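Chemist: Quick one, query.cif (mmCIF, C-alpha atoms):
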```cif
data_coords
loop_
_atom_site.group_PDB
_atom_site.id
_atom_site.type_symbol
_atom_site.label_atom_id
_atom_site.label_comp_id
_atom_site.auth_asym_id
_atom_site.auth_seq_id
_atom_site.Cartn_x
_atom_site.Cartn_y
_atom_site.Cartn_z
ATOM 1 C CA MET A 19 30.378 -21.770 16.164
ATOM 2 C CA GLU A 20 32.546 -23.009 13.296
ATOM 3 C CA SER A 21 33.638 -26.009 15.365
ATOM 4 C CA VAL A 22 30.037 -26.752 16.313
ATOM 5 C CA ARG A 23 29.020 -26.559 12.635
ATOM 6 C CA ASN A 24 31.771 -28.982 11.665
ATOM 7 C CA LEU A 25 30.709 -31.315 14.432
ATOM 8 C CA TRP A 26 27.123 -31.261 13.194
ATOM 9 C CA MET A 27 28.391 -32.469 9.822
ATOM 10 C CA LYS A 28 29.571 -35.626 11.618
ATOM 11 C CA VAL A 29 27.028 -36.132 14.410
ATOM 12 C CA GLU A 30 23.428 -35.956 13.217
ATOM 13 C CA ASN A 31 21.862 -36.234 16.678
ATOM 14 C CA LEU A 32 23.300 -32.842 17.655
ATOM 15 C CA LEU A 33 20.566 -31.079 15.704
ATOM 16 C CA ARG A 34 18.099 -29.214 17.908
ATOM 17 C CA ASN A 35 15.571 -31.663 19.375
ATOM 18 C CA GLU A 36 11.971 -31.433 20.561
ATOM 19 C CA LYS A 37 13.255 -30.024 23.862
ATOM 20 C CA HIS A 38 14.632 -27.012 21.951
ATOM 21 C CA ARG A 39 18.253 -27.816 22.701
ATOM 22 C CA SER A 40 21.478 -27.953 20.668
ATOM 23 C CA TYR A 41 22.335 -26.800 17.140
ATOM 24 C CA THR A 42 19.990 -25.031 14.710
ATOM 25 C CA LEU A 43 20.941 -24.807 11.048
ATOM 26 C CA VAL A 44 21.064 -21.629 8.967
ATOM 27 C CA LEU A 45 17.533 -21.021 7.608
ATOM 28 C CA GLY A 46 16.299 -23.568 10.149
ATOM 29 C CA GLU A 47 13.981 -21.130 11.926
ATOM 30 C CA LEU A 48 11.156 -19.115 10.397
ATOM 31 C CA LEU A 49 10.001 -16.450 12.860
ATOM 32 C CA ASP A 50 7.713 -14.436 10.581
ATOM 33 C CA PRO A 51 6.239 -16.776 7.942
ATOM 34 C CA THR A 52 3.804 -14.120 6.727
ATOM 35 C CA ASN A 53 6.576 -11.804 5.532
ATOM 36 C CA GLN A 54 9.636 -14.030 5.104
ATOM 37 C CA LEU A 55 10.681 -15.668 1.856
ATOM 38 C CA HIS A 56 12.659 -18.328 3.734
ATOM 39 C CA GLY A 57 14.084 -19.048 7.175
ATOM 40 C CA ASP A 58 16.256 -16.746 9.290
ATOM 41 C CA ASP A 59 19.794 -16.152 8.066
ATOM 42 C CA LYS A 60 21.318 -17.362 11.298
ATOM 43 C CA GLU A 61 22.459 -20.481 13.084
ATOM 44 C CA GLY A 62 22.376 -21.119 16.788
ATOM 45 C CA PHE A 63 23.091 -23.376 19.714
ATOM 46 C CA TYR A 64 20.431 -23.613 22.430
ATOM 47 C CA ILE A 65 21.114 -24.483 26.058
ATOM 48 C CA CYS A 66 18.555 -24.841 28.858
ATOM 49 C CA ILE A 67 18.731 -25.747 32.533
ATOM 50 C CA GLU A 68 20.288 -29.207 32.757
ATOM 51 C CA LEU A 69 18.049 -31.964 34.120
ATOM 52 C CA PRO A 70 18.733 -35.725 34.045
ATOM 53 C CA GLU A 71 16.373 -37.855 31.971
ATOM 54 C CA ASP A 72 14.997 -39.615 35.079
ATOM 55 C CA ASP A 73 13.922 -36.315 36.674
ATOM 56 C CA PRO A 74 10.081 -36.072 36.651
ATOM 57 C CA GLU A 75 10.353 -32.494 35.320
ATOM 58 C CA ALA A 76 12.336 -33.765 32.315
ATOM 59 C CA GLN A 77 9.082 -34.965 30.726
ATOM 60 C CA ARG A 78 7.966 -31.380 30.216
ATOM 61 C CA THR A 79 8.729 -29.306 27.099
ATOM 62 C CA PHE A 80 11.933 -27.235 27.481
ATOM 63 C CA TYR A 81 13.125 -29.408 30.405
ATOM 64 C CA GLY A 82 15.646 -32.261 30.358
ATOM 65 C CA PRO A 83 19.289 -32.913 29.487
ATOM 66 C CA ASN A 84 21.169 -30.712 27.045
ATOM 67 C CA LEU A 85 22.957 -32.048 23.965
ATOM 68 C CA TRP A 86 26.644 -31.188 24.047
ATOM 69 C CA PRO A 87 29.462 -31.356 21.483
ATOM 70 C CA ASP A 88 32.116 -33.930 22.263
ATOM 71 C CA SER A 89 34.671 -32.564 24.741
ATOM 72 C CA ASP A 90 37.510 -33.760 22.490
ATOM 73 C CA ILE A 91 36.388 -31.261 19.851
ATOM 74 C CA LEU A 92 35.494 -28.378 22.180
ATOM 75 C CA PRO A 93 37.380 -28.983 25.446
ATOM 76 C CA GLY A 94 35.961 -27.031 28.384
ATOM 77 C CA TRP A 95 33.161 -25.525 26.293
ATOM 78 C CA ARG A 96 30.327 -27.218 28.175
ATOM 79 C CA GLN A 97 31.666 -26.033 31.528
ATOM 80 C CA THR A 98 32.082 -22.487 30.223
ATOM 81 C CA MET A 99 28.552 -22.381 28.808
ATOM 82 C CA GLU A 100 26.996 -23.849 31.950
ATOM 83 C CA LYS A 101 28.766 -21.262 34.095
ATOM 84 C CA TYR A 102 27.704 -18.419 31.779
ATOM 85 C CA HIS A 103 24.133 -19.702 31.772
ATOM 86 C CA GLN A 104 23.971 -19.806 35.567
ATOM 87 C CA GLN A 105 25.473 -16.337 35.930
ATOM 88 C CA ALA A 106 23.031 -14.888 33.389
ATOM 89 C CA LEU A 107 20.148 -16.503 35.277
ATOM 90 C CA GLU A 108 21.331 -14.893 38.504
ATOM 91 C CA VAL A 109 21.387 -11.503 36.784
ATOM 92 C CA VAL A 110 17.790 -12.027 35.642
ATOM 93 C CA LYS A 111 16.751 -13.028 39.166
ATOM 94 C CA ASN A 112 18.282 -9.845 40.551
ATOM 95 C CA ILE A 113 16.458 -7.764 37.947
ATOM 96 C CA ALA A 114 13.199 -9.535 38.842
ATOM 97 C CA ARG A 115 13.768 -8.627 42.504
ATOM 98 C CA PHE A 116 14.127 -4.949 41.617
ATOM 99 C CA ILE A 117 10.930 -5.151 39.568
ATOM 100 C CA SER A 118 9.156 -6.757 42.527
ATOM 101 C CA LEU A 119 10.244 -3.998 44.873
ATOM 102 C CA SER A 120 9.208 -1.310 42.387
ATOM 103 C CA LEU A 121 5.705 -2.827 42.452
ATOM 104 C CA ASP A 122 5.645 -2.860 46.272
ATOM 105 C CA LEU A 123 5.826 -6.647 46.275
ATOM 106 C CA ASP A 124 8.033 -8.998 48.232
ATOM 107 C CA SER A 125 11.492 -8.980 46.651
ATOM 108 C CA TYR A 126 11.248 -12.712 45.882
ATOM 109 C CA PHE A 127 7.720 -12.499 44.443
ATOM 110 C CA PHE A 128 8.737 -13.739 40.994
ATOM 111 C CA GLU A 129 10.840 -16.585 42.382
ATOM 112 C CA ARG A 130 7.951 -18.380 44.059
ATOM 113 C CA PRO A 131 7.282 -21.863 42.620
ATOM 114 C CA GLU A 132 3.954 -20.799 41.154
ATOM 115 C CA MET A 133 5.605 -17.863 39.395
ATOM 116 C CA LEU A 134 9.147 -18.269 38.039
ATOM 117 C CA GLY A 135 10.510 -20.695 40.605
ATOM 118 C CA ASN A 136 11.360 -23.202 37.864
ATOM 119 C CA PRO A 137 12.259 -20.989 34.893
ATOM 120 C CA ILE A 138 12.743 -22.298 31.379
ATOM 121 C CA ALA A 139 15.774 -19.987 30.955
ATOM 122 C CA ILE A 140 17.035 -20.630 27.427
ATOM 123 C CA LEU A 141 20.533 -19.501 26.434
ATOM 124 C CA ARG A 142 20.687 -18.921 22.682
ATOM 125 C CA LEU A 143 24.102 -18.539 21.061
ATOM 126 C CA LEU A 144 23.295 -16.957 17.697
ATOM 127 C CA HIS A 145 25.540 -16.374 14.711
ATOM 128 C CA TYR A 146 24.347 -14.335 11.732
ATOM 129 C CA GLU A 147 25.869 -15.084 8.344
ATOM 130 C CA GLY A 148 26.181 -11.428 7.313
ATOM 131 C CA GLN A 149 23.406 -11.470 4.716
ATOM 132 C CA ILE A 150 21.899 -7.986 4.364
ATOM 133 C CA SER A 151 18.180 -7.942 5.100
ATOM 134 C CA TYR A 152 15.854 -6.887 2.292
ATOM 135 C CA PRO A 153 12.376 -6.559 3.834
ATOM 136 C CA LEU A 154 10.736 -5.809 0.479
ATOM 137 C CA LYS A 155 12.085 -9.132 -0.784
ATOM 138 C CA GLY A 156 11.211 -11.031 2.386
ATOM 139 C CA ILE A 157 14.844 -11.611 3.391
ATOM 140 C CA TYR A 158 15.674 -11.171 7.081
ATOM 141 C CA GLY A 159 18.478 -12.069 9.453
ATOM 142 C CA ALA A 160 15.690 -12.791 11.952
ATOM 143 C CA GLY A 161 12.023 -12.250 11.229
ATOM 144 C CA ALA A 162 9.782 -10.057 13.369
ATOM 145 C CA HIS A 163 8.848 -11.748 16.641
ATOM 146 C CA SER A 164 8.095 -11.207 20.314
ATOM 147 C CA ASP A 165 10.317 -12.962 22.848
ATOM 148 C CA HIS A 166 8.359 -15.432 24.932
ATOM 149 C CA GLY A 167 10.303 -14.889 28.130
ATOM 150 C CA PHE A 168 9.563 -12.570 31.016
ATOM 151 C CA ILE A 169 13.019 -10.975 30.713
ATOM 152 C CA THR A 170 15.479 -11.168 27.816
ATOM 153 C CA LEU A 171 19.173 -10.317 28.081
ATOM 154 C CA LEU A 172 20.992 -9.632 24.821
ATOM 155 C CA ALA A 173 24.783 -9.531 24.849
ATOM 156 C CA THR A 174 25.893 -7.176 22.073
ATOM 157 C CA ASP A 175 28.938 -6.581 19.914
ATOM 158 C CA ASN A 176 29.581 -3.625 17.621
ATOM 159 C CA VAL A 177 27.386 -4.889 14.778
ATOM 160 C CA SER A 178 24.057 -3.139 14.217
ATOM 161 C CA GLY A 179 20.862 -4.854 13.146
ATOM 162 C CA LEU A 180 18.571 -5.015 16.169
ATOM 163 C CA GLN A 181 15.265 -3.192 15.745
ATOM 164 C CA ILE A 182 12.233 -2.789 17.987
ATOM 165 C CA CYS A 183 8.584 -1.999 17.340
ATOM 166 C CA LYS A 184 6.874 -0.370 20.306
ATOM 167 C CA ASP A 185 3.363 -0.855 18.937
ATOM 168 C CA LYS A 186 2.883 -4.027 16.904
ATOM 169 C CA ASP A 187 -0.756 -3.125 16.224
ATOM 170 C CA ALA A 188 0.131 0.176 14.531
ATOM 171 C CA LYS A 189 -0.636 0.552 10.821
ATOM 172 C CA PRO A 190 1.978 0.796 9.477
ATOM 173 C CA GLN A 191 4.354 -0.550 12.090
ATOM 174 C CA VAL A 192 7.250 1.722 13.032
ATOM 175 C CA TRP A 193 10.585 -0.009 13.563
ATOM 176 C CA GLU A 194 13.407 1.754 15.419
ATOM 177 C CA SER A 195 17.065 0.744 15.304
ATOM 178 C CA VAL A 196 18.895 0.015 18.559
ATOM 179 C CA GLU A 197 22.507 1.122 18.383
ATOM 180 C CA PRO A 198 24.947 -1.628 19.440
ATOM 181 C CA LEU A 199 27.180 -1.105 22.475
ATOM 182 C CA LYS A 200 30.082 -3.529 22.334
ATOM 183 C CA GLY A 201 30.489 -5.459 25.553
ATOM 184 C CA LYS A 202 27.166 -4.264 26.942
ATOM 185 C CA THR A 203 23.930 -6.133 27.616
ATOM 186 C CA ILE A 204 20.489 -4.998 26.482
ATOM 187 C CA MET A 205 17.530 -5.967 28.652
ATOM 188 C CA SER A 206 13.908 -6.204 27.580
ATOM 189 C CA LYS A 207 10.856 -7.272 29.553
ATOM 190 C CA ARG A 208 7.366 -8.151 28.430
ATOM 191 C CA LYS A 209 4.623 -5.851 29.676
ATOM 192 C CA GLN A 210 2.101 -8.644 29.131
ATOM 193 C CA HIS A 211 3.817 -10.840 31.697
ATOM 194 C CA LEU A 212 3.945 -8.091 34.291
ATOM 195 C CA THR A 213 0.240 -7.430 33.775
ATOM 196 C CA LEU A 214 -0.522 -11.133 34.147
ATOM 197 C CA TYR A 215 1.597 -11.689 37.241
ATOM 198 C CA THR A 216 0.424 -8.568 39.031
ATOM 199 C CA ILE A 217 -3.271 -8.860 38.012
ATOM 200 C CA GLY A 218 -3.166 -5.649 36.023
ATOM 201 C CA GLU A 219 -1.258 -3.554 38.578
#
```
Mind converting the file's structure to structure tokens?
Modeler:
Amino acid sequence: MESVRNLWMKVENLLRNEKHRSYTLVLGELLDPTNQLHGDDKEGFYICIELPEDDPEAQRTFYGPNLWPDSDILPGWRQTMEKYHQQALEVVKNIARFISLSLDLDSYFFERPEMLGNPIAILRLLHYEGQISYPLKGIYGAGAHSDHGFITLLATDNVSGLQICKDKDAKPQVWESVEPLKGKTIMSKRKQHLTLYTIGE
């Protein structure tokens, strides 16, 4: 991420664009404006499924070409990230097949074109600056939010910080810490999406 940050200092058009791709500055995102004093204490690099500009789907939000650092600065990085992105997407597809079977649906139910046949599939490489969160002061590494995706995979290290709230409508909300497992992946899925796709089943 340090090399990407240095590159951003030189190449202004690498900043995240309207397609939600490329580099996001520290404090550049504000996930919980009601409770946050300023933006999230993190920076990131966003990668989506690569589509050429002349593809009809590229006109849609979240679709189109990615913005990549120059290969002279980060040789082989694009290829590594594209491979990782594709492998992560395959893992999600396999999980979706298990979910389909558990609901007595066809194993490829979620991969139909009208469902998730053309997923948005955003890969977010996030780096937190190490600032300690002070909720009473409105300072957060990442503000409270719900992931938009059907399934989220979170690759973890040995640094704690992730919390979940099982009932966002509770007063007060109860937040539980999720212990990190270095080298492991945490999966979350949105109940709302399952309810929508299965018509309440």
Chemist: What lies within 10 Å of A:Thr52 using all atoms listed in the file, ignoring chain neighbours under 6 positions off, as a VMD selection string?
Modeler: chain A and resid 156 161 to 162
Chemist: Expressed in Å to a single decimal, how great is the separation between atom CA of A:Gln104 and atom CA of A:Glu68?
Modeler: 10.5 Å
Chemist: Using all atoms listed in the file, collect all residues at a distance of at most 9 Å from (16.8, -4.0, 18.2) as written in the file, then present them as a PyMOL selection string.
Modeler: chain A and resi 178-183+193-198
Chemist: Name the closest residue to A:His145 among the candidates A:Met99, A:Leu55, A:Leu45, A:Ile204; distances are taken between atoms, counting all atoms listed in the file.
Modeler: A:Leu45
Chemist: Anything within 10 Å of (6.8, -9.7, 9.9): list those residues as a PyMOL selection string, counting all atoms listed in the file and sticking to the file's coordinates.
Modeler: chain A and resi 49-54+153+156+158+160-163+186+191
Chemist: Given the choices A:Phe168, A:Val44, A:Gly82, A:Ile65, which gets closest to A:Ile113 if the distance is worked out from all atoms listed in the file?
Modeler: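 Comparing A:Phe168, A:Val44, A:Gly82, A:Ile65 against A:Ile113, the winner is A:Phe168.
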Chemist: Within 12 Å of stretch 127-143 of chain A, which residues of stretch 161-208 of chain A show up? Give each one with its shortest atom-to-atom distance in Å (one decimal) and the two atoms involved, counting only C-alpha atoms, rows by chain then rising residue number, as JSON lines.
Modeler:
```
{"residue": "A:Asp165", "atom": "CA", "partner": "A:Ile140", "partner_atom": "CA", "distance": 11.2}
{"residue": "A:His166", "atom": "CA", "partner": "A:Ile138", "partner_atom": "CA", "distance": 10.4}
{"residue": "A:Gly167", "atom": "CA", "partner": "A:Ala139", "partner_atom": "CA", "distance": 8.0}
{"residue": "A:Phe168", "atom": "CA", "partner": "A:Leu134", "partner_atom": "CA", "distance": 9.1}
{"residue": "A:Ile169", "atom": "CA", "partner": "A:Ala139", "partner_atom": "CA", "distance": 9.4}
{"residue": "A:Thr170", "atom": "CA", "partner": "A:Ala139", "partner_atom": "CA", "distance": 9.4}
{"residue": "A:Leu171", "atom": "CA", "partner": "A:Leu141", "partner_atom": "CA", "distance": 9.4}
{"residue": "A:Leu172", "atom": "CA", "partner": "A:Arg142", "partner_atom": "CA", "distance": 9.5}
{"residue": "A:Ala173", "atom": "CA", "partner": "A:Leu143", "partner_atom": "CA", "distance": 9.8}
{"residue": "A:Thr174", "atom": "CA", "partner": "A:Leu143", "partner_atom": "CA", "distance": 11.5}
```
Chemist: Just to be explicit: take each residue in the selection above, keep C-alpha atoms, and write the result as a PDB file, in the frame of the given file.
Modeler:
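Okay, this is what ended up in result22.pdb:
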```pdb
ATOM      1  CA  ASP A 165      10.317 -12.962  22.848  1.00  0.00           C
ATOM      2  CA  HIS A 166       8.359 -15.432  24.932  1.00  0.00           C
ATOM      3  CA  GLY A 167      10.303 -14.889  28.130  1.00  0.00           C
ATOM      4  CA  PHE A 168       9.563 -12.570  31.016  1.00  0.00           C
ATOM      5  CA  ILE A 169      13.019 -10.975  30.713  1.00  0.00           C
ATOM      6  CA  THR A 170      15.479 -11.168  27.816  1.00  0.00           C
ATOM      7  CA  LEU A 171      19.173 -10.317  28.081  1.00  0.00           C
ATOM      8  CA  LEU A 172      20.992  -9.632  24.821  1.00  0.00           C
ATOM      9  CA  ALA A 173      24.783  -9.531  24.849  1.00  0.00           C
ATOM     10  CA  THR A 174      25.893  -7.176  22.073  1.00  0.00           C
TER      11      THR A 174
END
```
Chemist: Calculate how many Å separate atom CA of A:His103 from atom CA of A:Ser164, rounding to one decimal.
Modeler: 21.5 Å
Chemist: Rounded to one decimal in Å, what is the spacing between atom CA of A:Met205 and atom CA of A:Ile67?
Modeler: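 Value for the atom CA of A:Met205-atom CA of A:Ile67 distance: 20.2 Å.
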Chemist: Give me the residues near A:His38 as JSON, numbers by chain, where near means some atom within 12 Å (using only C-alpha atoms) and where sequence neighbours in that chain fewer than 2 positions away do not count.
Modeler: {"A": [32, 33, 34, 35, 36, 40, 41, 42, 47, 62, 63, 64, 65, 66, 67, 78, 79, 80, 81, 82, 83, 84, 85, 138, 139, 140, 141, 142]}
Chemist: Could you pull the residues within 7 Å of A:Asp175, counting all atoms listed in the file, minus those fewer than 3 positions along the same chain, as a JSON list (two decimals) with C-alpha atoms, in the frame of the given file?
Modeler:
```json
[["chain", "number", "residue", "atom", "x", "y", "z"],
["A", 198, "PRO", "CA", 24.95, -1.63, 19.44],
["A", 199, "LEU", "CA", 27.18, -1.10, 22.48],
["A", 200, "LYS", "CA", 30.08, -3.53, 22.33],
["A", 201, "GLY", "CA", 30.49, -5.46, 25.55]]
```
Chemist: Here is a test: counting all atoms listed in the file, which residue of A:Val110, A:Ser120, A:Gly148, A:Leu92 is nearest to A:Glu61?
Modeler: A:Gly148
